[in-house]
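As provided, structure.pdb (PDB, C-alpha atoms and all ligand atoms) reads as follows.
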ATOM      1  CA  MET X  16      28.197  31.724  -2.492  1.00  0.00           C
ATOM      2  CA  LYS X  17      29.526  30.232  -5.691  1.00  0.00           C
ATOM      3  CA  TYR X  18      29.629  26.598  -6.748  1.00  0.00           C
ATOM      4  CA  ASP X  19      31.233  24.213  -9.210  1.00  0.00           C
ATOM      5  CA  ILE X  20      30.087  20.776 -10.290  1.00  0.00           C
ATOM      6  CA  LEU X  21      32.449  17.822 -10.557  1.00  0.00           C
ATOM      7  CA  THR X  22      31.064  14.760 -12.298  1.00  0.00           C
ATOM      8  CA  VAL X  23      32.157  11.736 -10.260  1.00  0.00           C
ATOM      9  CA  THR X  24      32.017   7.935 -10.619  1.00  0.00           C
ATOM     10  CA  ARG X  25      31.059   6.139 -13.807  1.00  0.00           C
ATOM     11  CA  TYR X  26      27.443   6.960 -12.961  1.00  0.00           C
ATOM     12  CA  ALA X  27      28.266  10.577 -13.848  1.00  0.00           C
ATOM     13  CA  GLN X  28      26.983  11.850 -10.544  1.00  0.00           C
ATOM     14  CA  ASN X  29      26.970  15.638 -10.022  1.00  0.00           C
ATOM     15  CA  CYS X  30      29.025  16.390  -6.938  1.00  0.00           C
ATOM     16  CA  SER X  31      28.567  20.077  -6.028  1.00  0.00           C
ATOM     17  CA  LEU X  32      31.349  22.103  -4.424  1.00  0.00           C
ATOM     18  CA  LEU X  33      30.087  25.212  -2.680  1.00  0.00           C
ATOM     19  CA  ALA X  34      32.367  28.037  -1.653  1.00  0.00           C
ATOM     20  CA  CYS X  35      31.766  30.929   0.740  1.00  0.00           C
ATOM     21  CA  GLU X  36      33.704  33.752  -0.865  1.00  0.00           C
ATOM     22  CA  GLN X  37      33.749  35.860   2.318  1.00  0.00           C
ATOM     23  CA  THR X  38      35.368  33.247   4.565  1.00  0.00           C
ATOM     24  CA  GLY X  39      37.048  30.611   2.352  1.00  0.00           C
ATOM     25  CA  ALA X  40      34.829  27.884   3.814  1.00  0.00           C
ATOM     26  CA  ALA X  41      33.501  25.119   1.575  1.00  0.00           C
ATOM     27  CA  ALA X  42      30.739  22.516   1.570  1.00  0.00           C
ATOM     28  CA  VAL X  43      30.589  19.443  -0.659  1.00  0.00           C
ATOM     29  CA  ILE X  44      27.258  17.891  -1.622  1.00  0.00           C
ATOM     30  CA  ASP X  45      27.230  14.182  -2.569  1.00  0.00           C
ATOM     31  CA  PRO X  46      30.831  12.953  -2.739  1.00  0.00           C
ATOM     32  CA  GLY X  47      30.074   9.655  -4.476  1.00  0.00           C
ATOM     33  CA  GLY X  48      33.699   8.932  -5.394  1.00  0.00           C
ATOM     34  CA  ASP X  49      36.833  10.285  -7.076  1.00  0.00           C
ATOM     35  CA  ILE X  50      37.902  12.145  -3.945  1.00  0.00           C
ATOM     36  CA  GLY X  51      41.271  12.927  -5.563  1.00  0.00           C
ATOM     37  CA  LEU X  52      39.405  15.379  -7.802  1.00  0.00           C
ATOM     38  CA  LEU X  53      37.590  16.904  -4.809  1.00  0.00           C
ATOM     39  CA  LEU X  54      40.804  17.324  -2.817  1.00  0.00           C
ATOM     40  CA  ASP X  55      42.549  18.912  -5.832  1.00  0.00           C
ATOM     41  CA  TRP X  56      39.668  21.349  -6.248  1.00  0.00           C
ATOM     42  CA  LEU X  57      39.788  22.369  -2.570  1.00  0.00           C
ATOM     43  CA  GLU X  58      43.531  22.927  -2.769  1.00  0.00           C
ATOM     44  CA  TRP X  59      43.338  24.785  -6.087  1.00  0.00           C
ATOM     45  CA  GLN X  60      40.637  27.116  -4.760  1.00  0.00           C
ATOM     46  CA  GLU X  61      42.408  27.431  -1.381  1.00  0.00           C
ATOM     47  CA  LEU X  62      39.254  26.456   0.490  1.00  0.00           C
ATOM     48  CA  ARG X  63      38.715  24.816   3.862  1.00  0.00           C
ATOM     49  CA  LEU X  64      36.100  22.052   3.754  1.00  0.00           C
ATOM     50  CA  GLU X  65      33.715  22.473   6.697  1.00  0.00           C
ATOM     51  CA  THR X  66      30.884  20.108   5.922  1.00  0.00           C
ATOM     52  CA  ILE X  67      30.046  17.124   3.717  1.00  0.00           C
ATOM     53  CA  LEU X  68      26.346  17.032   2.858  1.00  0.00           C
ATOM     54  CA  VAL X  69      24.487  14.007   1.539  1.00  0.00           C
ATOM     55  CA  THR X  70      21.144  14.060  -0.308  1.00  0.00           C
ATOM     56  CA  HIS X  71      20.423  10.322   0.036  1.00  0.00           C
ATOM     57  CA  GLY X  72      22.013   6.993   0.873  1.00  0.00           C
ATOM     58  CA  HIS X  73      22.804   5.668  -2.630  1.00  0.00           C
ATOM     59  CA  PHE X  74      26.469   4.705  -3.066  1.00  0.00           C
ATOM     60  CA  ASP X  75      27.037   6.925  -6.129  1.00  0.00           C
ATOM     61  CA  HIS X  76      26.100   9.941  -3.956  1.00  0.00           C
ATOM     62  CA  CYS X  77      27.827   9.208  -0.645  1.00  0.00           C
ATOM     63  CA  GLY X  78      30.190   6.252  -1.117  1.00  0.00           C
ATOM     64  CA  ALA X  79      33.256   8.442  -0.537  1.00  0.00           C
ATOM     65  CA  ALA X  80      31.864  10.608   2.297  1.00  0.00           C
ATOM     66  CA  ALA X  81      33.744   8.620   4.973  1.00  0.00           C
ATOM     67  CA  ASP X  82      37.079   8.868   3.090  1.00  0.00           C
ATOM     68  CA  LEU X  83      36.647  12.591   2.424  1.00  0.00           C
ATOM     69  CA  ALA X  84      35.804  13.258   6.095  1.00  0.00           C
ATOM     70  CA  GLU X  85      38.932  11.353   7.187  1.00  0.00           C
ATOM     71  CA  ARG X  86      41.166  13.227   4.759  1.00  0.00           C
ATOM     72  CA  THR X  87      39.829  16.714   5.568  1.00  0.00           C
ATOM     73  CA  GLY X  88      38.436  16.573   9.101  1.00  0.00           C
ATOM     74  CA  ALA X  89      35.103  17.894   7.820  1.00  0.00           C
ATOM     75  CA  ARG X  90      31.855  16.741   9.455  1.00  0.00           C
ATOM     76  CA  ILE X  91      29.233  14.717   7.559  1.00  0.00           C
ATOM     77  CA  GLU X  92      25.587  15.827   7.751  1.00  0.00           C
ATOM     78  CA  GLY X  93      22.576  13.955   6.422  1.00  0.00           C
ATOM     79  CA  PRO X  94      20.624  12.613   4.853  1.00  0.00           C
ATOM     80  CA  HIS X  95      17.348  12.135   6.809  1.00  0.00           C
ATOM     81  CA  ILE X  96      17.326   9.101   9.136  1.00  0.00           C
ATOM     82  CA  GLY X  97      14.921   7.350   6.734  1.00  0.00           C
ATOM     83  CA  ASP X  98      18.050   6.398   4.747  1.00  0.00           C
ATOM     84  CA  ALA X  99      19.989   5.016   7.759  1.00  0.00           C
ATOM     85  CA  ALA X 100      19.743   1.424   6.438  1.00  0.00           C
ATOM     86  CA  ALA X 101      21.058   2.463   2.996  1.00  0.00           C
ATOM     87  CA  VAL X 102      24.005   4.298   4.581  1.00  0.00           C
ATOM     88  CA  ALA X 103      24.797   1.276   6.791  1.00  0.00           C
ATOM     89  CA  GLY X 104      24.753  -0.955   3.694  1.00  0.00           C
ATOM     90  CA  LEU X 105      26.992   1.230   1.517  1.00  0.00           C
ATOM     91  CA  ALA X 106      29.886  -1.252   1.293  1.00  0.00           C
ATOM     92  CA  GLU X 107      27.628  -4.084   0.045  1.00  0.00           C
ATOM     93  CA  ALA X 108      25.771  -1.798  -2.375  1.00  0.00           C
ATOM     94  CA  GLY X 109      29.035  -0.470  -3.813  1.00  0.00           C
ATOM     95  CA  GLU X 110      30.476  -3.958  -4.198  1.00  0.00           C
ATOM     96  CA  LYS X 111      27.433  -5.079  -6.141  1.00  0.00           C
ATOM     97  CA  PHE X 112      28.023  -2.305  -8.687  1.00  0.00           C
ATOM     98  CA  GLY X 113      31.832  -2.448  -8.644  1.00  0.00           C
ATOM     99  CA  LEU X 114      32.400   0.822  -6.778  1.00  0.00           C
ATOM    100  CA  LYS X 115      34.276   1.356  -3.511  1.00  0.00           C
ATOM    101  CA  ALA X 116      31.862   2.718  -0.910  1.00  0.00           C
ATOM    102  CA  ARG X 117      32.066   2.916   2.892  1.00  0.00           C
ATOM    103  CA  PRO X 118      29.343   3.422   5.523  1.00  0.00           C
ATOM    104  CA  TYR X 119      29.617   6.407   7.867  1.00  0.00           C
ATOM    105  CA  THR X 120      27.966   7.864  10.928  1.00  0.00           C
ATOM    106  CA  PRO X 121      26.842  11.445  10.274  1.00  0.00           C
ATOM    107  CA  ALA X 122      27.375  14.194  12.835  1.00  0.00           C
ATOM    108  CA  ARG X 123      23.582  14.504  12.584  1.00  0.00           C
ATOM    109  CA  TRP X 124      20.674  13.091  10.615  1.00  0.00           C
ATOM    110  CA  LEU X 125      18.737  15.968   9.075  1.00  0.00           C
ATOM    111  CA  GLU X 126      15.094  16.977   9.555  1.00  0.00           C
ATOM    112  CA  HIS X 127      12.850  19.035   7.315  1.00  0.00           C
ATOM    113  CA  GLY X 128      13.463  22.699   8.185  1.00  0.00           C
ATOM    114  CA  ASP X 129      17.001  22.245   9.523  1.00  0.00           C
ATOM    115  CA  VAL X 130      19.537  24.868   8.494  1.00  0.00           C
ATOM    116  CA  ILE X 131      23.144  24.016   7.567  1.00  0.00           C
ATOM    117  CA  ALA X 132      25.760  26.697   8.131  1.00  0.00           C
ATOM    118  CA  PHE X 133      29.170  26.856   6.472  1.00  0.00           C
ATOM    119  CA  GLY X 134      31.237  30.031   6.523  1.00  0.00           C
ATOM    120  CA  ALA X 135      28.732  32.902   6.265  1.00  0.00           C
ATOM    121  CA  GLN X 136      26.295  30.784   4.188  1.00  0.00           C
ATOM    122  CA  ALA X 137      23.032  29.063   5.093  1.00  0.00           C
ATOM    123  CA  LEU X 138      21.403  26.096   3.373  1.00  0.00           C
ATOM    124  CA  GLU X 139      17.838  25.056   4.191  1.00  0.00           C
ATOM    125  CA  VAL X 140      16.992  21.353   4.361  1.00  0.00           C
ATOM    126  CA  LEU X 141      13.870  19.991   2.667  1.00  0.00           C
ATOM    127  CA  HIS X 142      12.830  16.397   3.335  1.00  0.00           C
ATOM    128  CA  CYS X 143      11.740  15.033  -0.070  1.00  0.00           C
ATOM    129  CA  PRO X 144      10.938  11.301   0.103  1.00  0.00           C
ATOM    130  CA  GLY X 145       9.886   9.282  -2.958  1.00  0.00           C
ATOM    131  CA  HIS X 146      13.161   8.227  -4.592  1.00  0.00           C
ATOM    132  CA  CYS X 147      14.382   7.171  -1.128  1.00  0.00           C
ATOM    133  CA  PRO X 148      12.612   7.489   2.257  1.00  0.00           C
ATOM    134  CA  GLY X 149      15.369   9.734   3.668  1.00  0.00           C
ATOM    135  CA  HIS X 150      16.095  11.917   0.635  1.00  0.00           C
ATOM    136  CA  VAL X 151      16.729  15.613   1.331  1.00  0.00           C
ATOM    137  CA  ALA X 152      17.275  18.653  -0.900  1.00  0.00           C
ATOM    138  CA  TYR X 153      19.376  21.711   0.005  1.00  0.00           C
ATOM    139  CA  PHE X 154      18.264  25.261  -0.748  1.00  0.00           C
ATOM    140  CA  HIS X 155      20.348  28.449  -0.668  1.00  0.00           C
ATOM    141  CA  ARG X 156      17.592  31.044  -0.420  1.00  0.00           C
ATOM    142  CA  ALA X 157      19.740  34.130  -1.011  1.00  0.00           C
ATOM    143  CA  ALA X 158      21.339  32.658  -4.165  1.00  0.00           C
ATOM    144  CA  ARG X 159      18.006  31.127  -5.368  1.00  0.00           C
ATOM    145  CA  GLN X 160      19.851  27.855  -5.868  1.00  0.00           C
ATOM    146  CA  ALA X 161      18.839  24.296  -4.964  1.00  0.00           C
ATOM    147  CA  PHE X 162      20.658  20.936  -4.976  1.00  0.00           C
ATOM    148  CA  VAL X 163      18.084  18.183  -5.341  1.00  0.00           C
ATOM    149  CA  GLY X 164      19.893  14.853  -5.821  1.00  0.00           C
ATOM    150  CA  ASP X 165      17.755  12.212  -7.543  1.00  0.00           C
ATOM    151  CA  ILE X 166      14.306  13.786  -6.949  1.00  0.00           C
ATOM    152  CA  LEU X 167      13.973  15.850 -10.112  1.00  0.00           C
ATOM    153  CA  PHE X 168      16.013  16.135 -13.318  1.00  0.00           C
ATOM    154  CA  ARG X 169      15.903  18.329 -16.382  1.00  0.00           C
ATOM    155  CA  GLY X 170      13.064  16.655 -18.321  1.00  0.00           C
ATOM    156  CA  ALA X 171      12.669  13.670 -15.973  1.00  0.00           C
ATOM    157  CA  ILE X 172      11.899  12.636 -12.399  1.00  0.00           C
ATOM    158  CA  GLY X 173      13.709  10.308 -10.019  1.00  0.00           C
ATOM    159  CA  ALA X 174      13.289   6.531 -10.111  1.00  0.00           C
ATOM    160  CA  TRP X 175      10.721   5.102  -7.709  1.00  0.00           C
ATOM    161  CA  GLU X 176      10.375   1.424  -8.812  1.00  0.00           C
ATOM    162  CA  HIS X 177      12.828   0.028  -6.243  1.00  0.00           C
ATOM    163  CA  PRO X 178      12.437  -0.904  -2.533  1.00  0.00           C
ATOM    164  CA  GLY X 179      11.909   2.312  -0.547  1.00  0.00           C
ATOM    165  CA  GLY X 180      10.678   4.227  -3.618  1.00  0.00           C
ATOM    166  CA  SER X 181       7.158   5.678  -3.893  1.00  0.00           C
ATOM    167  CA  LEU X 182       5.677   7.526  -6.862  1.00  0.00           C
ATOM    168  CA  PRO X 183       2.954   9.373  -4.861  1.00  0.00           C
ATOM    169  CA  LEU X 184       5.580  10.579  -2.356  1.00  0.00           C
ATOM    170  CA  LEU X 185       7.946  11.587  -5.175  1.00  0.00           C
ATOM    171  CA  LEU X 186       5.257  13.648  -6.936  1.00  0.00           C
ATOM    172  CA  ASP X 187       4.265  15.224  -3.613  1.00  0.00           C
ATOM    173  CA  SER X 188       7.886  16.155  -2.860  1.00  0.00           C
ATOM    174  CA  ILE X 189       8.335  17.752  -6.294  1.00  0.00           C
ATOM    175  CA  ARG X 190       5.023  19.617  -6.405  1.00  0.00           C
ATOM    176  CA  ASN X 191       4.661  20.620  -2.770  1.00  0.00           C
ATOM    177  CA  ARG X 192       8.234  20.994  -1.555  1.00  0.00           C
ATOM    178  CA  LEU X 193      10.384  21.978  -4.557  1.00  0.00           C
ATOM    179  CA  PHE X 194       8.129  23.916  -6.943  1.00  0.00           C
ATOM    180  CA  PRO X 195       6.818  26.323  -4.235  1.00  0.00           C
ATOM    181  CA  LEU X 196      10.407  27.594  -3.764  1.00  0.00           C
ATOM    182  CA  GLY X 197       9.871  29.606  -6.960  1.00  0.00           C
ATOM    183  CA  ASP X 198      10.047  29.399 -10.759  1.00  0.00           C
ATOM    184  CA  ASP X 199      13.279  31.396 -10.772  1.00  0.00           C
ATOM    185  CA  VAL X 200      15.165  28.901  -8.586  1.00  0.00           C
ATOM    186  CA  ARG X 201      17.940  27.048 -10.402  1.00  0.00           C
ATOM    187  CA  PHE X 202      18.773  23.502  -9.378  1.00  0.00           C
ATOM    188  CA  VAL X 203      21.580  20.993  -9.726  1.00  0.00           C
ATOM    189  CA  PRO X 204      20.181  17.463 -10.135  1.00  0.00           C
ATOM    190  CA  GLY X 205      22.055  14.296  -9.161  1.00  0.00           C
ATOM    191  CA  HIS X 206      22.800  13.538 -12.821  1.00  0.00           C
ATOM    192  CA  GLY X 207      22.678  15.512 -16.064  1.00  0.00           C
ATOM    193  CA  ASP X 208      22.110  19.180 -16.838  1.00  0.00           C
ATOM    194  CA  GLU X 209      20.963  21.964 -14.532  1.00  0.00           C
ATOM    195  CA  SER X 210      17.515  23.527 -14.913  1.00  0.00           C
ATOM    196  CA  THR X 211      15.025  25.787 -13.097  1.00  0.00           C
ATOM    197  CA  PHE X 212      11.881  24.825 -11.204  1.00  0.00           C
ATOM    198  CA  GLY X 213       9.894  27.090 -13.544  1.00  0.00           C
ATOM    199  CA  ARG X 214      11.071  25.197 -16.628  1.00  0.00           C
ATOM    200  CA  GLU X 215      10.205  21.799 -15.107  1.00  0.00           C
ATOM    201  CA  ARG X 216       6.907  23.035 -13.622  1.00  0.00           C
ATOM    202  CA  VAL X 217       5.735  23.815 -17.185  1.00  0.00           C
ATOM    203  CA  HIS X 218       7.636  21.517 -19.582  1.00  0.00           C
ATOM    204  CA  ASN X 219       8.642  18.417 -17.598  1.00  0.00           C
ATOM    205  CA  PRO X 220       6.943  15.418 -19.305  1.00  0.00           C
ATOM    206  CA  PHE X 221       6.167  13.770 -15.921  1.00  0.00           C
ATOM    207  CA  VAL X 222       5.127  16.630 -13.635  1.00  0.00           C
ATOM    208  CA  GLY X 223       4.809  19.635 -15.967  1.00  0.00           C
ATOM    209  CA  GLU X 224       1.580  21.535 -16.687  1.00  0.00           C
ATOM    210  CA  GLU X 225       1.755  20.840 -20.437  1.00  0.00           C
ATOM    211  CA  ALA X 226       1.793  17.072 -19.862  1.00  0.00           C
ATOM    212  CA  MET X 227      -1.024  17.365 -17.285  1.00  0.00           C
ATOM    213  CA  ALA X 228      -3.158  19.383 -19.715  1.00  0.00           C
ATOM    214  CA  ARG X 229      -2.661  16.797 -22.482  1.00  0.00           C
ATOM    215  CA  TRP X 230      -3.599  14.025 -20.054  1.00  0.00           C
ATOM    216  CA  ARG X 231      -6.797  15.845 -18.994  1.00  0.00           C
ATOM    217  CA  GLU X 232      -7.669  16.451 -22.667  1.00  0.00           C
ATOM    218  CA  ARG X 233      -7.351  12.766 -23.494  1.00  0.00           C
ATOM    219  CA  ARG X 234      -9.502  11.822 -20.492  1.00  0.00           C
ATOM    220  CA  ALA X 235     -12.192  14.262 -21.604  1.00  0.00           C
ATOM    221  CA  MET X 236     -12.346  12.874 -25.168  1.00  0.00           C
ATOM    222  CA  PRO X 237     -15.273  10.543 -25.995  1.00  0.00           C
ATOM    223  CA  ALA X 238     -14.433   6.861 -26.321  1.00  0.00           C
ATOM    224  CA  PRO X 239     -13.586   5.827 -29.899  1.00  0.00           C
ATOM    225  CA  PRO X 240     -16.418   4.127 -31.844  1.00  0.00           C
ATOM    226  CA  ALA X 241     -16.562   0.345 -31.589  1.00  0.00           C
ATOM    227  CA  ASP X 242     -14.714  -1.539 -34.323  1.00  0.00           C
ATOM    228  CA  PRO X 243     -17.456  -2.809 -36.744  1.00  0.00           C
ATOM    229  CA  ALA X 244     -15.263  -5.761 -37.727  1.00  0.00           C
ATOM    230  CA  ALA X 245     -15.189  -7.057 -34.154  1.00  0.00           C
TER     231      ALA X 245
HETATM  232 ZN    ZN Y 301      19.671   7.657  -6.069  1.00  0.00          ZN
HETATM  233 ZN    ZN Y 302      21.975   8.964  -8.419  1.00  0.00          ZN
END
Is it possible to express this structure as structure tokens?
Ligand SMILES: [Zn+2]
Ligand SMILES: [Zn+2]
Amino acid sequence: MKYDILTVTRYAQNCSLLACEQTGAAAVIDPGGDIGLLLDWLEWQELRLETILVTHGHFDHCGAAADLAERTGARIEGPHIGDAAAVAGLAEAGEKFGLKARPYTPARWLEHGDVIAFGAQALEVLHCPGHCPGHVAYFHRAARQAFVGDILFRGAIGAWEHPGGSLPLLLDSIRNRLFPLGDDVRFVPGHGDESTFGRERVHNPFVGEEAMARWRERRAMPAPPADPAA
């Protein structure tokens, strides 16, 4: 398995294009827009798109899934059914932010533990709520490579302060679903640079061990003396 990243829409969303070198089959993760670029890439690489995978129902990640499926005949899979309302409301959400987006009906909603096959490749599905109720991540175990959408970024975590977001669920997804996959696992986030789970597990300012240790240190410090002028 090899992959390329195309940055799509003006939200600079990382759309991943996965290729099975043995069979010429391809999978696209999060076609948020700019499908001309995606179609050119498929043609250039002489690949046959088998499946369109979606991490979550935000328009910058799946607004062009319906168009891409129509143009290629590929099936759409995901995300988890927890994002069904977001997927149904894609046109309205896109309009609000000035981006063309269309709702779709996936060939299947995904569950934690499902396995996606394309060509000779397998991707494991991890349900990771917190940014969205139906957010999923995809993991290629043999390649030690994950695609995590808006759950975790290099040096940051996903937003949770909107309807459907939850900080406790987000932290739980990162610590108990993503990090156990292994420090060596590389990941493509929904926006920005790639990283590894090991790097974020230690250095991430929101969920990393260094930040946690500093926080515990501060908690353990005695309260400052009272201000005599008060
Ligand atoms: Zn999002
Ligand atoms: Zn996003």
**Message:** Counting all atoms listed in the file, find residues at most 12 Å from (7.5, 17.3, 6.0) (file frame) and give them as a VMD selection string.
**Reply:** chain X and resid 95 125 to 129 140 to 144 148 to 151 184 187 to 188 191 to 193
**Request:** I would like the residues chosen by the PyMOL selection byres (((chain X and resi 211-216) around 7) and not hetatm) on the shown file; could you give them as an MDAnalysis selection string?
**Result:** chainID X and resid 169:170 194 197:202 210 217:219 222:224
Where does chain X meet ligand ZN 302 (chain Y) within 7 Å, residue by residue, with the nearest atom pair and distance in Å to one decimal for each, counting only C-alpha atoms and all ligand atoms, listed by chain and rising number, as a Markdown table?
| residue | atom | partner | partner_atom | distance |
| --- | --- | --- | --- | --- |
| X:Gln28 | CA | Y:ZN302 | ZN | 6.2 |
| X:His73 | CA | Y:ZN302 | ZN | 6.7 |
| X:Asp75 | CA | Y:ZN302 | ZN | 5.9 |
| X:His76 | CA | Y:ZN302 | ZN | 6.2 |
| X:Gly164 | CA | Y:ZN302 | ZN | 6.8 |
| X:Asp165 | CA | Y:ZN302 | ZN | 5.4 |
| X:Gly205 | CA | Y:ZN302 | ZN | 5.4 |
| X:His206 | CA | Y:ZN302 | ZN | 6.4 |
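Minimum atom-to-atom distance to ligand ZN 301 (chain Y), evaluated using all atoms listed in the file, belongs to X:Gly173 out of X:Gly134, X:Gly173, X:Gly179, X:Gly97.
Counting all atoms listed in the file, the residue from X:Gly51, X:Gly113, X:Pro46, X:Gly72 that sits nearest to Pro94 (chain X) is X:Gly72.
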**Atomic distance CA of Ala101 (chain X) - CA of Ile44 (chain X), expressed in Å with one decimal** =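 Straight-line distance from CA of Ala101 (chain X) to CA of Ile44 (chain X) works out to 17.3 Å.
Residues in contact range of Arg117 (chain X), defined as at most 9 Å between all atoms listed in the file, with sequence neighbours fewer than 6 positions away removed, read Phe74, Cys77, Gly78, Ala79, Ala80, Ala81, Asp82, Val102, Ala103, Gly104, Leu105, Ala106, Glu107 and Gly109 of chain X.
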**Message:** Selection in question (the file shown): the PyMOL selection byres (((chain X and resi 157) around 10) and not hetatm). Which residues does it include, as a list in words?
**Reply:**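 Those residues are Met16, Gln136, Ala137, Leu138, Phe154, His155, Arg156, Ala158, Arg159 and Gln160 of chain X.
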**Message:** When you count only C-alpha atoms, which of these residues is closest to Glu36 (chain X): X:Ile20, X:Leu68, X:Ile166, X:Ala135?
**Reply:**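 Comparing X:Ile20, X:Leu68, X:Ile166, X:Ala135 against Glu36 (chain X), the winner is X:Ala135.
Distance annotation: of X:Gln37, X:Asn29, X:Thr120, X:Gln60, the residue with the minimal separation from ligand ZN 301 (chain Y) is X:Asn29; atom set is only C-alpha atoms and all ligand atoms.
Of note, CA of Ala34 (chain X) and CA of Glu209 (chain X) are spaced 18.2 Å apart.
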Can you put N, CA and C atoms back into region 187-198 of chain X and show it as a compact mmCIF listing (two decimals), keeping the file's coordinate frame?
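See selection-v8.txt below for the written result:
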# COMPACT_ATOMS: atom_id res chain seq x y z
N ASP X 187 4.58 14.28 -4.69
CA ASP X 187 4.26 15.22 -3.61
C ASP X 187 5.50 16.07 -3.25
N SER X 188 6.66 15.42 -3.18
CA SER X 188 7.89 16.16 -2.86
C SER X 188 8.19 17.21 -3.93
N ILE X 189 8.03 16.82 -5.20
CA ILE X 189 8.34 17.75 -6.29
C ILE X 189 7.34 18.91 -6.31
N ARG X 190 6.05 18.58 -6.23
CA ARG X 190 5.02 19.62 -6.40
C ARG X 190 4.86 20.48 -5.17
N ASN X 191 5.00 19.87 -3.99
CA ASN X 191 4.66 20.62 -2.77
C ASN X 191 5.86 21.05 -1.94
N ARG X 192 7.05 20.55 -2.29
CA ARG X 192 8.23 20.99 -1.56
C ARG X 192 9.17 21.79 -2.46
N LEU X 193 9.41 21.30 -3.68
CA LEU X 193 10.38 21.98 -4.56
C LEU X 193 9.76 23.14 -5.34
N PHE X 194 8.70 22.87 -6.08
CA PHE X 194 8.13 23.92 -6.94
C PHE X 194 7.73 25.19 -6.18
N PRO X 195 7.18 25.08 -4.95
CA PRO X 195 6.82 26.32 -4.24
C PRO X 195 8.01 27.23 -3.91
N LEU X 196 9.24 26.73 -4.03
CA LEU X 196 10.41 27.59 -3.76
C LEU X 196 10.49 28.72 -4.79
N GLY X 197 9.91 28.51 -5.98
CA GLY X 197 9.87 29.61 -6.96
C GLY X 197 10.36 29.18 -8.34
N ASP X 198 9.69 29.71 -9.37
CA ASP X 198 10.05 29.40 -10.76
C ASP X 198 11.47 29.82 -11.10
